[in-house]
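*Asks:* The file below is structure35.cif, mmCIF, C-alpha atoms:
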data_data
#
loop_
_atom_site.label_atom_id
_atom_site.label_comp_id
_atom_site.auth_asym_id
_atom_site.auth_seq_id
_atom_site.Cartn_x
_atom_site.Cartn_y
_atom_site.Cartn_z
CA MET A 16 36.30 31.39 -19.83
CA ALA A 17 36.55 34.94 -21.04
CA GLU A 18 34.33 34.03 -23.95
CA GLU A 19 31.72 32.65 -21.60
CA ASN A 20 31.72 35.68 -19.35
CA LYS A 21 31.24 37.90 -22.32
CA GLU A 22 28.30 35.82 -23.41
CA GLU A 23 26.77 36.12 -19.96
CA LEU A 24 27.16 39.85 -19.83
CA LYS A 25 25.51 40.13 -23.22
CA LYS A 26 22.62 38.02 -22.01
CA LYS A 27 22.20 40.15 -18.89
CA ASP A 28 22.16 43.33 -20.95
CA GLN A 29 19.45 41.90 -23.09
CA GLU A 30 17.37 40.98 -20.06
CA GLU A 31 17.69 44.42 -18.57
CA GLU A 32 16.71 45.90 -21.88
CA VAL A 33 13.58 43.78 -21.86
CA VAL A 34 12.72 45.02 -18.38
CA GLU A 35 13.31 48.64 -19.39
CA GLU A 36 11.26 48.16 -22.49
CA LEU A 37 8.20 47.16 -20.45
CA THR A 38 5.48 49.48 -21.53
CA GLU A 39 2.33 50.28 -19.68
CA GLU A 40 0.52 47.85 -21.94
CA ALA A 41 2.94 45.04 -21.24
CA LEU A 42 2.53 45.62 -17.52
CA GLU A 43 -1.22 45.47 -17.89
CA ASP A 44 -0.79 42.16 -19.70
CA ILE A 45 1.28 40.90 -16.81
CA VAL A 46 -1.39 42.04 -14.34
CA GLU A 47 -4.01 40.23 -16.37
CA GLU A 48 -1.90 37.12 -16.48
CA GLU A 49 -1.29 37.27 -12.73
CA VAL A 50 -5.01 37.73 -12.12
CA SER A 51 -5.85 34.63 -14.14
CA GLU A 52 -3.14 32.66 -12.34
CA LEU A 53 -4.55 33.92 -9.05
CA ASP A 54 -8.05 32.85 -10.09
CA ALA A 55 -6.71 29.41 -10.96
CA ALA A 56 -4.90 29.11 -7.62
CA VAL A 57 -7.96 30.24 -5.69
CA ALA A 58 -10.08 27.72 -7.63
CA LYS A 59 -7.54 25.00 -6.87
CA ALA A 60 -7.54 25.86 -3.16
CA GLU A 61 -11.34 25.70 -3.16
CA GLU A 62 -11.27 22.38 -5.01
CA TRP A 63 -8.92 20.80 -2.45
CA GLU A 64 -10.93 22.28 0.41
CA ASN A 65 -14.10 20.74 -1.03
CA LYS A 66 -12.37 17.40 -1.52
CA PHE A 67 -11.22 17.59 2.09
CA LEU A 68 -14.72 18.37 3.35
CA ARG A 69 -16.26 15.56 1.31
CA ILE A 70 -13.73 13.03 2.56
CA SER A 71 -14.29 14.23 6.14
CA ALA A 72 -17.99 13.52 5.75
CA GLU A 73 -17.09 10.15 4.22
CA ILE A 74 -14.97 9.30 7.28
CA GLN A 75 -17.98 9.86 9.51
CA ASN A 76 -20.03 7.56 7.27
CA ILE A 77 -17.34 4.88 7.39
CA GLN A 78 -17.15 5.10 11.19
CA ARG A 79 -20.93 5.04 11.54
CA ARG A 80 -21.22 1.99 9.29
CA ALA A 81 -18.38 0.22 11.13
CA ASN A 82 -20.11 0.90 14.46
CA GLU A 83 -23.45 -0.38 13.16
CA GLU A 84 -21.79 -3.51 11.82
CA ARG A 85 -19.91 -4.03 15.11
CA THR A 86 -23.14 -3.64 17.12
CA SER A 87 -24.96 -6.11 14.87
CA ILE A 88 -22.13 -8.68 14.97
CA LEU A 89 -22.00 -8.41 18.77
CA LYS A 90 -25.77 -8.66 19.14
CA TYR A 91 -26.00 -11.86 17.11
CA ARG A 92 -22.53 -13.21 17.92
CA SER A 93 -23.87 -16.35 19.62
CA GLN A 94 -26.24 -17.35 16.84
CA ASP A 95 -23.97 -19.94 15.19
CA LEU A 96 -23.03 -21.78 18.36
CA ALA A 97 -26.61 -21.50 19.68
CA LYS A 98 -27.97 -23.06 16.49
CA LYS A 99 -25.54 -25.95 16.82
CA ILE A 100 -26.45 -26.50 20.48
CA LEU A 101 -30.18 -26.87 19.84
CA PRO A 102 -29.91 -30.58 18.86
CA SER A 103 -28.18 -31.26 22.23
CA LEU A 104 -31.09 -29.59 23.96
CA ASP A 105 -33.50 -31.73 21.92
CA ASN A 106 -31.55 -34.85 22.90
CA LEU A 107 -31.65 -33.89 26.56
CA GLU A 108 -35.38 -33.32 26.46
CA ARG A 109 -35.91 -36.63 24.70
CA ALA A 110 -33.74 -38.36 27.34
CA LEU A 111 -35.81 -36.69 30.09
CA ALA A 112 -39.01 -38.08 28.52
CA VAL A 113 -37.75 -41.68 28.81
CA GLU A 114 -39.74 -43.73 31.35
CA GLY A 115 -38.14 -45.32 34.40
CA LEU A 116 -35.25 -42.87 34.99
CA THR A 117 -33.78 -43.00 38.49
CA GLU A 118 -34.27 -39.86 40.55
CA ASP A 119 -30.50 -39.12 40.39
CA VAL A 120 -30.28 -39.35 36.60
CA LYS A 121 -33.43 -37.28 36.19
CA LYS A 122 -32.00 -34.60 38.49
CA GLY A 123 -28.70 -34.58 36.58
CA LEU A 124 -30.44 -34.26 33.21
CA GLU A 125 -32.75 -31.56 34.54
CA MET A 126 -29.78 -29.58 35.84
CA THR A 127 -27.94 -29.91 32.55
CA ARG A 128 -31.02 -28.78 30.63
CA GLU A 129 -31.58 -25.82 32.94
CA SER A 130 -27.98 -24.64 32.70
CA LEU A 131 -28.06 -24.96 28.91
CA ILE A 132 -31.30 -22.97 28.67
CA ASN A 133 -29.94 -20.30 31.02
CA ALA A 134 -26.69 -20.01 29.05
CA LEU A 135 -28.72 -19.51 25.87
CA LYS A 136 -31.07 -17.03 27.54
CA GLU A 137 -28.14 -14.92 28.74
CA GLU A 138 -27.03 -14.67 25.12
CA GLY A 139 -30.48 -13.55 23.98
CA VAL A 140 -31.72 -16.97 22.82
CA THR A 141 -35.32 -17.76 23.74
CA GLU A 142 -37.99 -20.26 22.82
CA VAL A 143 -40.35 -19.20 20.02
CA LYS A 144 -43.91 -18.62 21.28
CA ALA A 145 -46.19 -21.21 19.77
CA ASP A 146 -49.44 -21.14 21.74
CA GLY A 147 -51.61 -18.76 19.72
CA ALA A 148 -52.18 -17.75 16.13
CA PHE A 149 -50.05 -19.41 13.45
CA ASP A 150 -47.28 -17.09 12.24
CA PRO A 151 -45.23 -18.26 9.23
CA ASN A 152 -42.34 -16.09 10.45
CA PHE A 153 -41.97 -18.25 13.57
CA HIS A 154 -43.79 -21.51 12.85
CA MET A 155 -43.51 -24.26 10.27
CA ALA A 156 -46.74 -26.20 9.72
CA VAL A 157 -45.91 -29.90 9.43
CA GLN A 158 -49.51 -31.08 9.77
CA THR A 159 -53.03 -29.64 9.74
CA VAL A 160 -56.15 -30.72 11.63
CA PRO A 161 -59.75 -29.51 11.26
CA ALA A 162 -60.54 -26.46 13.38
CA ASP A 163 -63.02 -26.94 16.23
CA ASP A 164 -64.35 -24.98 19.22
CA GLU A 165 -61.16 -25.48 21.19
CA HIS A 166 -58.83 -24.85 18.24
CA PRO A 167 -59.88 -21.97 15.97
CA ALA A 168 -58.62 -21.91 12.38
CA ASP A 169 -55.04 -20.74 11.80
CA HIS A 170 -54.08 -21.44 15.40
CA VAL A 171 -51.32 -23.72 16.67
CA VAL A 172 -52.75 -26.99 18.04
CA GLN A 173 -49.55 -28.80 19.01
CA VAL A 174 -45.76 -28.28 18.92
CA PHE A 175 -43.70 -31.14 17.46
CA GLN A 176 -40.33 -29.45 17.92
CA LYS A 177 -39.61 -26.21 19.80
CA GLY A 178 -38.42 -23.21 17.82
CA TYR A 179 -35.76 -20.76 18.98
CA GLN A 180 -34.84 -17.16 18.21
CA ILE A 181 -31.89 -14.93 19.10
CA HIS A 182 -33.32 -11.51 19.91
CA ASP A 183 -35.59 -10.76 16.93
CA ARG A 184 -33.85 -13.20 14.57
CA ILE A 185 -35.18 -16.71 14.12
CA LEU A 186 -32.72 -19.60 14.70
CA ARG A 187 -35.19 -22.26 13.73
CA PRO A 188 -38.99 -22.15 13.48
CA ALA A 189 -41.24 -24.21 15.76
CA MET A 190 -42.62 -27.28 13.95
CA VAL A 191 -46.34 -27.23 14.64
CA VAL A 192 -49.72 -28.73 13.90
CA VAL A 193 -52.19 -26.06 12.69
CA ALA A 194 -55.99 -26.03 12.80
CA GLN A 195 -57.63 -25.31 9.44
CA MET B 24 -33.69 60.61 -10.19
CA ALA B 25 -31.87 63.00 -12.51
CA GLU B 26 -29.75 64.10 -9.58
CA GLU B 27 -28.79 60.50 -8.88
CA ASN B 28 -27.87 59.79 -12.49
CA LYS B 29 -25.67 62.82 -12.57
CA GLU B 30 -23.93 61.63 -9.42
CA GLU B 31 -23.33 58.22 -10.98
CA LEU B 32 -21.90 59.67 -14.15
CA LYS B 33 -19.57 61.83 -12.12
CA LYS B 34 -18.40 58.78 -10.18
CA LYS B 35 -17.78 56.82 -13.36
CA ASP B 36 -15.72 59.67 -14.80
CA GLN B 37 -13.59 59.72 -11.70
CA GLU B 38 -12.99 55.97 -11.89
CA GLU B 39 -11.93 56.18 -15.49
CA GLU B 40 -9.60 58.99 -14.63
CA VAL B 41 -7.97 56.82 -11.98
CA VAL B 42 -7.40 54.08 -14.51
CA GLU B 43 -5.91 56.50 -16.97
CA GLU B 44 -3.70 57.95 -14.29
CA LEU B 45 -2.09 54.59 -13.56
CA THR B 46 1.60 55.07 -13.96
CA GLU B 47 4.13 52.40 -14.66
CA GLU B 48 5.03 52.42 -10.96
CA ALA B 49 1.43 51.95 -9.85
CA LEU B 50 1.06 49.03 -12.23
CA GLU B 51 4.20 47.49 -10.82
CA ASP B 52 2.70 47.83 -7.34
CA ILE B 53 -0.40 46.06 -8.52
CA VAL B 54 1.67 43.30 -10.05
CA GLU B 55 3.51 42.92 -6.76
CA GLU B 56 0.26 42.81 -4.83
CA GLU B 57 -1.19 40.24 -7.22
CA VAL B 58 1.94 38.16 -6.91
CA SER B 59 1.68 38.09 -3.12
CA GLU B 60 -2.02 37.22 -3.35
CA LEU B 61 -1.12 34.49 -5.78
CA ASP B 62 1.52 33.15 -3.40
CA ALA B 63 -1.05 33.09 -0.62
CA ALA B 64 -3.59 31.28 -2.79
CA VAL B 65 -1.01 28.74 -3.94
CA ALA B 66 0.01 28.16 -0.31
CA LYS B 67 -3.63 27.70 0.66
CA ALA B 68 -4.20 25.21 -2.16
CA GLU B 69 -1.16 23.27 -1.01
CA GLU B 70 -2.37 23.35 2.59
CA TRP B 71 -5.78 21.89 1.68
CA GLU B 72 -4.15 19.34 -0.60
CA ASN B 73 -1.91 18.20 2.27
CA LYS B 74 -4.87 18.06 4.64
CA PHE B 75 -6.70 15.97 2.05
CA LEU B 76 -3.77 13.58 1.65
CA ARG B 77 -3.38 13.20 5.42
CA ILE B 78 -7.06 12.47 5.94
CA SER B 79 -7.00 9.98 3.03
CA ALA B 80 -4.22 8.08 4.78
CA GLU B 81 -6.23 8.30 7.99
CA ILE B 82 -9.24 6.69 6.26
CA GLN B 83 -7.11 3.70 5.36
CA ASN B 84 -6.01 3.43 9.00
CA ILE B 85 -9.61 3.64 10.19
CA GLN B 86 -10.72 0.94 7.74
CA ARG B 87 -7.77 -1.29 8.63
CA ARG B 88 -8.51 -0.96 12.34
CA ALA B 89 -12.23 -1.61 11.81
CA ASN B 90 -11.39 -4.73 9.78
CA GLU B 91 -9.01 -6.00 12.43
CA GLU B 92 -11.60 -5.43 15.14
CA ARG B 93 -14.28 -7.15 13.03
CA THR B 94 -12.03 -10.15 12.41
CA SER B 95 -11.22 -10.45 16.12
CA ILE B 96 -14.87 -10.13 17.19
CA LEU B 97 -15.86 -12.79 14.64
CA LYS B 98 -13.03 -15.13 15.62
CA TYR B 99 -13.96 -15.08 19.31
CA ARG B 100 -17.69 -14.46 18.87
CA SER B 101 -18.69 -17.74 20.52
CA GLN B 102 -16.54 -17.33 23.60
CA ASP B 103 -19.26 -16.01 25.94
CA LEU B 104 -21.85 -18.68 25.11
CA ALA B 105 -19.16 -21.38 25.07
CA LYS B 106 -17.98 -20.37 28.54
CA LYS B 107 -21.55 -20.56 29.85
CA ILE B 108 -22.09 -23.99 28.28
CA LEU B 109 -19.09 -25.61 29.96
CA PRO B 110 -20.96 -26.30 33.25
CA SER B 111 -23.63 -28.18 31.24
CA LEU B 112 -20.89 -30.30 29.72
CA ASP B 113 -19.48 -30.93 33.21
CA ASN B 114 -22.95 -31.95 34.41
CA LEU B 115 -23.35 -34.34 31.47
CA GLU B 116 -20.01 -35.95 32.13
CA ARG B 117 -20.82 -36.30 35.82
CA ALA B 118 -24.19 -37.88 34.90
CA LEU B 119 -22.40 -40.30 32.55
CA ALA B 120 -20.10 -41.35 35.42
CA VAL B 121 -23.05 -42.44 37.57
CA GLU B 122 -23.18 -46.23 38.11
CA GLY B 123 -26.10 -48.34 36.97
CA LEU B 124 -27.36 -46.28 34.02
CA THR B 125 -29.56 -48.17 31.59
CA GLU B 126 -28.08 -48.61 28.12
CA ASP B 127 -30.73 -46.25 26.64
CA VAL B 128 -30.01 -43.43 29.07
CA LYS B 129 -26.27 -43.86 28.64
CA LYS B 130 -26.65 -43.69 24.85
CA GLY B 131 -28.82 -40.58 25.09
CA LEU B 132 -26.34 -38.82 27.40
CA GLU B 133 -23.42 -39.84 25.20
CA MET B 134 -25.16 -38.45 22.10
CA THR B 135 -25.94 -35.19 23.87
CA ARG B 136 -22.34 -34.88 25.05
CA GLU B 137 -20.97 -35.64 21.56
CA SER B 138 -23.23 -33.12 19.84
CA LEU B 139 -22.29 -30.46 22.43
CA ILE B 140 -18.57 -31.12 21.97
CA ASN B 141 -18.93 -31.04 18.18
CA ALA B 142 -20.86 -27.77 18.27
CA LEU B 143 -18.10 -26.26 20.41
CA LYS B 144 -15.37 -27.68 18.17
CA GLU B 145 -16.98 -26.16 15.07
CA GLU B 146 -16.77 -22.79 16.79
CA GLY B 147 -13.07 -23.25 17.59
CA VAL B 148 -13.52 -24.47 21.18
CA THR B 149 -11.26 -27.36 22.18
CA GLU B 150 -10.16 -29.11 25.33
CA VAL B 151 -6.94 -27.81 26.87
CA LYS B 152 -4.07 -30.33 26.62
CA ALA B 153 -3.16 -31.50 30.11
CA ASP B 154 -1.02 -34.60 29.72
CA GLY B 155 2.50 -33.22 29.76
CA ALA B 156 4.47 -30.41 31.35
CA PHE B 157 2.61 -28.03 33.66
CA ASP B 158 1.91 -24.71 31.91
CA PRO B 159 0.47 -21.92 34.08
CA ASN B 160 -1.09 -20.40 30.93
CA PHE B 161 -3.37 -23.43 30.53
CA HIS B 162 -3.38 -25.22 33.88
CA MET B 163 -4.32 -24.32 37.43
CA ALA B 164 -2.55 -26.41 40.09
CA VAL B 165 -5.04 -27.32 42.80
CA GLN B 166 -2.84 -29.94 44.45
CA THR B 167 0.76 -31.15 44.34
CA VAL B 168 2.21 -34.62 44.83
CA PRO B 169 5.86 -35.71 45.12
CA ALA B 170 7.48 -36.41 41.76
CA ASP B 171 8.47 -40.05 41.04
CA ASP B 172 9.76 -42.12 38.12
CA GLU B 173 6.36 -42.10 36.44
CA HIS B 174 5.61 -38.45 37.14
CA PRO B 175 8.57 -36.09 36.67
CA ALA B 176 8.57 -32.74 38.47
CA ASP B 177 6.43 -29.96 36.98
CA HIS B 178 4.31 -32.43 35.06
CA VAL B 179 0.55 -32.92 35.26
CA VAL B 180 -0.37 -36.06 37.24
CA GLN B 181 -4.16 -35.87 37.13
CA VAL B 182 -6.94 -33.61 35.76
CA PHE B 183 -9.69 -32.65 38.23
CA GLN B 184 -11.68 -30.53 35.79
CA LYS B 185 -11.11 -30.20 32.03
CA GLY B 186 -9.97 -26.84 30.69
CA TYR B 187 -11.17 -25.31 27.42
CA GLN B 188 -9.84 -22.73 24.97
CA ILE B 189 -11.32 -20.94 21.96
CA HIS B 190 -8.61 -20.82 19.31
CA ASP B 191 -5.56 -19.48 21.19
CA ARG B 192 -7.59 -17.84 23.97
CA ILE B 193 -8.21 -19.70 27.23
CA LEU B 194 -11.86 -20.05 28.35
CA ARG B 195 -10.97 -21.73 31.61
CA PRO B 196 -7.77 -23.49 32.70
CA ALA B 197 -7.63 -27.20 33.45
CA MET B 198 -7.59 -27.85 37.20
CA VAL B 199 -4.76 -30.29 37.76
CA VAL B 200 -2.58 -32.14 40.24
CA VAL B 201 1.11 -31.39 39.66
CA ALA B 202 4.18 -33.43 40.56
CA GLN B 203 6.82 -31.51 42.52
#
Please, can you express the file's structure as structure tokens?
*Replies:*
Amino acid sequence: MAEENKEELKKKDQEEEVVEELTEEALEDIVEEEVSELDAAVAKAEEWENKFLRISAEIQNIQRRANEERTSILKYRSQDLAKKILPSLDNLERALAVEGLTEDVKKGLEMTRESLINALKEEGVTEVKADGAFDPNFHMAVQTVPADDEHPADHVVQVFQKGYQIHDRILRPAMVVVAQ
Amino acid sequence: MAEENKEELKKKDQEEEVVEELTEEALEDIVEEEVSELDAAVAKAEEWENKFLRISAEIQNIQRRANEERTSILKYRSQDLAKKILPSLDNLERALAVEGLTEDVKKGLEMTRESLINALKEEGVTEVKADGAFDPNFHMAVQTVPADDEHPADHVVQVFQKGYQIHDRILRPAMVVVAQ
């Protein structure tokens, strides 16, 4: 124990000596060292601040993109079910075209068709216009006929199967006959 | 001009004098000052680093929440259109129940009904089970009858109108007669 204490005292003396021995030059060195450490710390603070600002901007981008995606998903949310319902609507319209239906059956089918069309309309699904110029974005030409006075070239002459769109997005094109 | 230069030289001399006059004590003061500036800069760097780490964690929360919301919207996306289609399905089933339909009409209605049910099923819409115990989460009691050997109490006796659900979420309850 005594040995150890002695050792410690010796050490302390040496340290004090070092402090006393500090010359003006040594102090200047320390100042210089501190200044460079300070510069480094300031640079580090700036670096983290910049990282923070960049990530803040990134958060706004992420939220904006998520909102845009949400809006788009909601806008077109009914497109899958709507697409799958179209054959039922076709079937109904074919059934309505059958000759010799009783008034009751006809009324029932008509009501069903109307309610189906209204349900689709409320979800933004509408029939594709097919009574003017041929538009490959909305029409599929399944047959062509020669143009005449009544039917100018590149115009729809007849609709084989109705097309449907949800808002601006096509669900299926109208199958048409085109004058050429 | 000459006057100004003289002034500048004088200033410079004074500055140099100040530097030369720096005593050990003054240098120690500077060291102390630098050290406190350094502490401040280090604290600032830590502060921005912590802010950065917090906001990074927040980004993960935001993305997780956005994903959860997206998943939920997608899972139930067809619920609005499905709900609006149910009356058409009711109409079809009522039409199918009419007596004296020709075989052709019956077939057409049956096909329409099947394709509608399949479209709904593909989007996660199924009929609510209503052949066992009465469950207020899925059934709406519109009438009660006395329980007997065939129909124990709190069990569904008859379904007036079918109920439908999309995945685990009810679209409309089944309207039922309950034994009591």
*Asks:* How large is the C-alpha RMSD when chain A is optimally fitted onto chain B, using all Cα positions paired one-to-one in sequence order?
*Replies:*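 Between these identical-sequence chains, the C-alpha RMSD is 0.6 Å.
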*Asks:* Leaving out Leu76 (chain B) and any residue of its chain fewer than 5 positions from it, which residues lie within 12 Å of it when counting all atoms listed in the file, given as a PyMOL selection string?
*Replies:* (chain A and resi 63-64+66-67+70-71) or (chain B and resi 69-71+81-83)
*Asks:* Determine which residues of chain A sit within 6 Å of chain B, taking into account only C-alpha atoms, and present them as a list of chain:residue names.
*Replies:*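 Only these qualify: A:Glu39, A:Val46, A:Leu53, A:Ala56, A:Val57, A:Lys59, A:Ala60, A:Trp63, A:Glu64, A:Phe67, A:Arg92, A:Ser93, A:Lys99, A:Ser103, A:Asn106, A:Ala110, A:Gly123, A:Thr127, A:Ser130, A:Leu131, A:Ala134.
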*Asks:* Written as a compact mmCIF listing (two decimals) with C-alpha atoms, keeping the file's coordinate frame, which residues does the PyMOL selection byres ((chain A and resi 192) around 9) give for the file shown?
*Replies:*
# COMPACT_ATOMS: atom_id res chain seq x y z
CA MET A 155 -43.51 -24.26 10.27
CA ALA A 156 -46.74 -26.20 9.72
CA VAL A 157 -45.91 -29.90 9.43
CA GLN A 158 -49.51 -31.08 9.77
CA THR A 159 -53.03 -29.64 9.74
CA VAL A 160 -56.15 -30.72 11.63
CA HIS A 170 -54.08 -21.44 15.40
CA VAL A 171 -51.32 -23.72 16.67
CA VAL A 172 -52.75 -26.99 18.04
CA GLN A 173 -49.55 -28.80 19.01
CA VAL A 174 -45.76 -28.28 18.92
CA PHE A 175 -43.70 -31.14 17.46
CA MET A 190 -42.62 -27.28 13.95
CA VAL A 191 -46.34 -27.23 14.64
CA VAL A 193 -52.19 -26.06 12.69
CA ALA A 194 -55.99 -26.03 12.80
*Asks:* Extending 5 Å beyond the listed atoms of region 64-70 of chain B on each side, what axis-aligned box results? I want centre and edge lengths in Å to one decimal, as lines of an AutoDock Vina configuration file.
*Replies:*
center_x = -2.1
center_y = 27.3
center_z = -0.7
size_x = 14.2
size_y = 18.0
size_z = 16.5
*Asks:* So what do you get for CA of Asp172 (chain B) versus CA of Gly186 (chain B), distance-wise?
*Replies:*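 That distance, rounded to one decimal, is 26.0 Å.
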*Asks:* Figure out the distance between CA of Val143 (chain A) and CA of Ile185 (chain A), please, to one decimal in Å.
*Replies:*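 Separating CA of Ile185 (chain A) from CA of Val143 (chain A) is a distance of 8.2 Å.
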*Asks:* If you measure from CA of Ala156 (chain B) to CA of Ala120 (chain B), what distance in Å do you get, rounded to one decimal?
*Replies:*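 Interatomic distance here is 27.2 Å.
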